[in-house]
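Enquirer: Just passing along the structure, written as structure tokens.
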Amino acid sequence: MAATNNDEERIMARGLKSPGPLLLVKKRLKTGDAVRIRVIVSSREAAEDLVNYFESRGATTELDRTGEDFHVVADLRKFKDVD
């Protein structure tokens with residue numbers, strides 16, 4: 001599920017195991033034009049996969065924990081999609 005808030009797009013990927021959240025992000029990046037993306041996941045493994053994906057392609061990231069959820073926020077201005 002995706003929602004937008006100005007320049008930030010939000011993807012709810014709670015409950016999905018890796019690589020589910022990453023697959024959602026890749027699909028959304030092909031159709032969206034957000035400057036920032038926030039992905040909410042429920043496992044540290046999924047969060048770390050997302051951080052590695054974004055950072056390996058030039059995006060800067062933040063990883064926050066809110067309750068049971070992990071929020072991965074990526075600034076996509078320097079993101080280079082190589083897939």
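We name chains A, B, ... following the order of the structure tokens; residues begin at 1 in each chain, and ligands are numbered from 1 as shown.
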Show me, as a PyMOL selection string, the residues that have an atom within 9 Å of region 8-18 of chain A when counting only C-alpha atoms, minus same-chain residues fewer than 3 positions from it.
Expert: chain A and resi 1-5+21-25+28+32-43+45-46+49+69-70+73+75
Enquirer: Quick check for you: according to DSSP on this backbone, which residues of chain A are classed as strand (DSSP E or B)? Reply as a ChimeraX atom specification.
Expert: /A:2-5,8-12,36-41,60-66,69-75
Enquirer: Those same residues - C-alpha atoms - I'd like them written as an mmCIF file, in the first residue's frame.
Expert:
```
data_model
loop_
_atom_site.group_PDB
_atom_site.id
_atom_site.type_symbol
_atom_site.label_atom_id
_atom_site.label_comp_id
_atom_site.auth_asym_id
_atom_site.auth_seq_id
_atom_site.Cartn_x
_atom_site.Cartn_y
_atom_site.Cartn_z
ATOM 1 C CA ALA A 2 1.413 3.404 -0.939
ATOM 2 C CA ALA A 3 0.463 6.922 0.121
ATOM 3 C CA THR A 4 1.999 10.286 -0.727
ATOM 4 C CA ASN A 5 2.659 13.273 1.503
ATOM 5 C CA GLU A 8 7.490 11.889 0.432
ATOM 6 C CA GLU A 9 5.908 8.642 -0.618
ATOM 7 C CA ARG A 10 4.992 6.120 2.060
ATOM 8 C CA ILE A 11 4.912 2.362 1.508
ATOM 9 C CA MET A 12 3.380 0.161 4.186
ATOM 10 C CA ARG A 36 11.778 10.859 -0.579
ATOM 11 C CA ILE A 37 10.358 7.471 0.224
ATOM 12 C CA ARG A 38 9.412 6.053 3.623
ATOM 13 C CA VAL A 39 9.026 2.301 3.870
ATOM 14 C CA ILE A 40 7.482 0.886 7.031
ATOM 15 C CA VAL A 41 8.444 -2.713 7.789
ATOM 16 C CA THR A 60 20.987 8.673 1.702
ATOM 17 C CA THR A 61 18.923 6.868 4.312
ATOM 18 C CA GLU A 62 17.634 7.095 7.846
ATOM 19 C CA LEU A 63 16.499 4.104 9.883
ATOM 20 C CA ASP A 64 14.162 4.714 12.809
ATOM 21 C CA ARG A 65 12.294 2.354 15.079
ATOM 22 C CA THR A 66 8.784 3.342 16.136
ATOM 23 C CA ASP A 69 7.927 -0.970 13.240
ATOM 24 C CA PHE A 70 11.063 0.117 11.433
ATOM 25 C CA HIS A 71 10.905 3.200 9.212
ATOM 26 C CA VAL A 72 13.397 3.418 6.358
ATOM 27 C CA VAL A 73 13.481 6.910 4.877
ATOM 28 C CA ALA A 74 15.480 7.408 1.698
ATOM 29 C CA ASP A 75 16.342 10.654 -0.038
#
```
Enquirer: Figure out the distance between CA of Ala59 (chain A) and CA of Lys27 (chain A), please, to one decimal in Å.
Expert: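 Going from CA of Lys27 (chain A) over to CA of Ala59 (chain A), I get 16.9 Å.
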Enquirer: Going by DSSP on the backbone, which residues of chain A come out as helix (DSSP H, G or I)? List them as an NGL selection string.
Expert: :A and (20-31 or 44-56)
Enquirer: What is the CA of Pro19 (chain A) to CA of Arg77 (chain A) distance in Å?
Expert: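 Distance between the two atoms: 23.8 Å.
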Enquirer: Which value, in Å to one decimal, gives the distance between CA of Leu50 (chain A) and CA of Glu68 (chain A)?
Expert: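 About the pair CA of Leu50 (chain A) and CA of Glu68 (chain A): they are 17.1 Å apart.
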Enquirer: Show me, as a list of chain:residue names, the residues that have an atom within 12 Å of Lys80 (chain A) when counting only C-alpha atoms, minus same-chain residues fewer than 4 positions from it.
Expert: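 Near Lys80 (chain A), the qualifying residues are A:Leu29, A:Lys30, A:Tyr53, A:Phe54, A:Glu55, A:Ser56, A:Arg57, A:Gly58, A:Ala59, A:Thr60, A:Asp75, A:Leu76.
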Enquirer: Could you write out the selected residues, including N, CA and C atoms, as a PDB file, in the first residue's frame?
Expert:
```
ATOM      1  N   LEU A  29       9.203   2.373  -7.484  1.00  0.00           N
ATOM      2  CA  LEU A  29      10.184   3.306  -8.042  1.00  0.00           C
ATOM      3  C   LEU A  29      10.062   3.409  -9.558  1.00  0.00           C
ATOM      4  N   LYS A  30       9.606   2.367 -10.208  1.00  0.00           N
ATOM      5  CA  LYS A  30       9.444   2.397 -11.664  1.00  0.00           C
ATOM      6  C   LYS A  30       8.275   3.272 -12.092  1.00  0.00           C
ATOM      7  N   TYR A  53      20.035  -1.554  -0.133  1.00  0.00           N
ATOM      8  CA  TYR A  53      19.603  -1.317  -1.517  1.00  0.00           C
ATOM      9  C   TYR A  53      19.711   0.167  -1.870  1.00  0.00           C
ATOM     10  N   PHE A  54      19.126   1.021  -1.038  1.00  0.00           N
ATOM     11  CA  PHE A  54      19.147   2.459  -1.337  1.00  0.00           C
ATOM     12  C   PHE A  54      20.566   3.025  -1.328  1.00  0.00           C
ATOM     13  N   GLU A  55      21.345   2.686  -0.301  1.00  0.00           N
ATOM     14  CA  GLU A  55      22.687   3.259  -0.182  1.00  0.00           C
ATOM     15  C   GLU A  55      23.622   2.768  -1.280  1.00  0.00           C
ATOM     16  N   SER A  56      23.438   1.530  -1.739  1.00  0.00           N
ATOM     17  CA  SER A  56      24.295   1.020  -2.812  1.00  0.00           C
ATOM     18  C   SER A  56      24.013   1.710  -4.141  1.00  0.00           C
ATOM     19  N   ARG A  57      22.915   2.448  -4.199  1.00  0.00           N
ATOM     20  CA  ARG A  57      22.541   3.172  -5.412  1.00  0.00           C
ATOM     21  C   ARG A  57      22.599   4.691  -5.226  1.00  0.00           C
ATOM     22  N   GLY A  58      23.293   5.137  -4.180  1.00  0.00           N
ATOM     23  CA  GLY A  58      23.560   6.557  -4.005  1.00  0.00           C
ATOM     24  C   GLY A  58      22.592   7.341  -3.143  1.00  0.00           C
ATOM     25  N   ALA A  59      21.511   6.729  -2.677  1.00  0.00           N
ATOM     26  CA  ALA A  59      20.542   7.438  -1.837  1.00  0.00           C
ATOM     27  C   ALA A  59      21.059   7.522  -0.399  1.00  0.00           C
ATOM     28  N   THR A  60      20.700   8.595   0.279  1.00  0.00           N
ATOM     29  CA  THR A  60      20.987   8.673   1.702  1.00  0.00           C
ATOM     30  C   THR A  60      19.767   8.153   2.446  1.00  0.00           C
ATOM     31  N   ASP A  75      16.330   9.469   0.801  1.00  0.00           N
ATOM     32  CA  ASP A  75      16.342  10.654  -0.038  1.00  0.00           C
ATOM     33  C   ASP A  75      16.794  10.196  -1.421  1.00  0.00           C
ATOM     34  N   LEU A  76      15.927  10.323  -2.403  1.00  0.00           N
ATOM     35  CA  LEU A  76      16.173   9.750  -3.731  1.00  0.00           C
ATOM     36  C   LEU A  76      16.815  10.717  -4.727  1.00  0.00           C
TER      37      LEU A  76
END
```
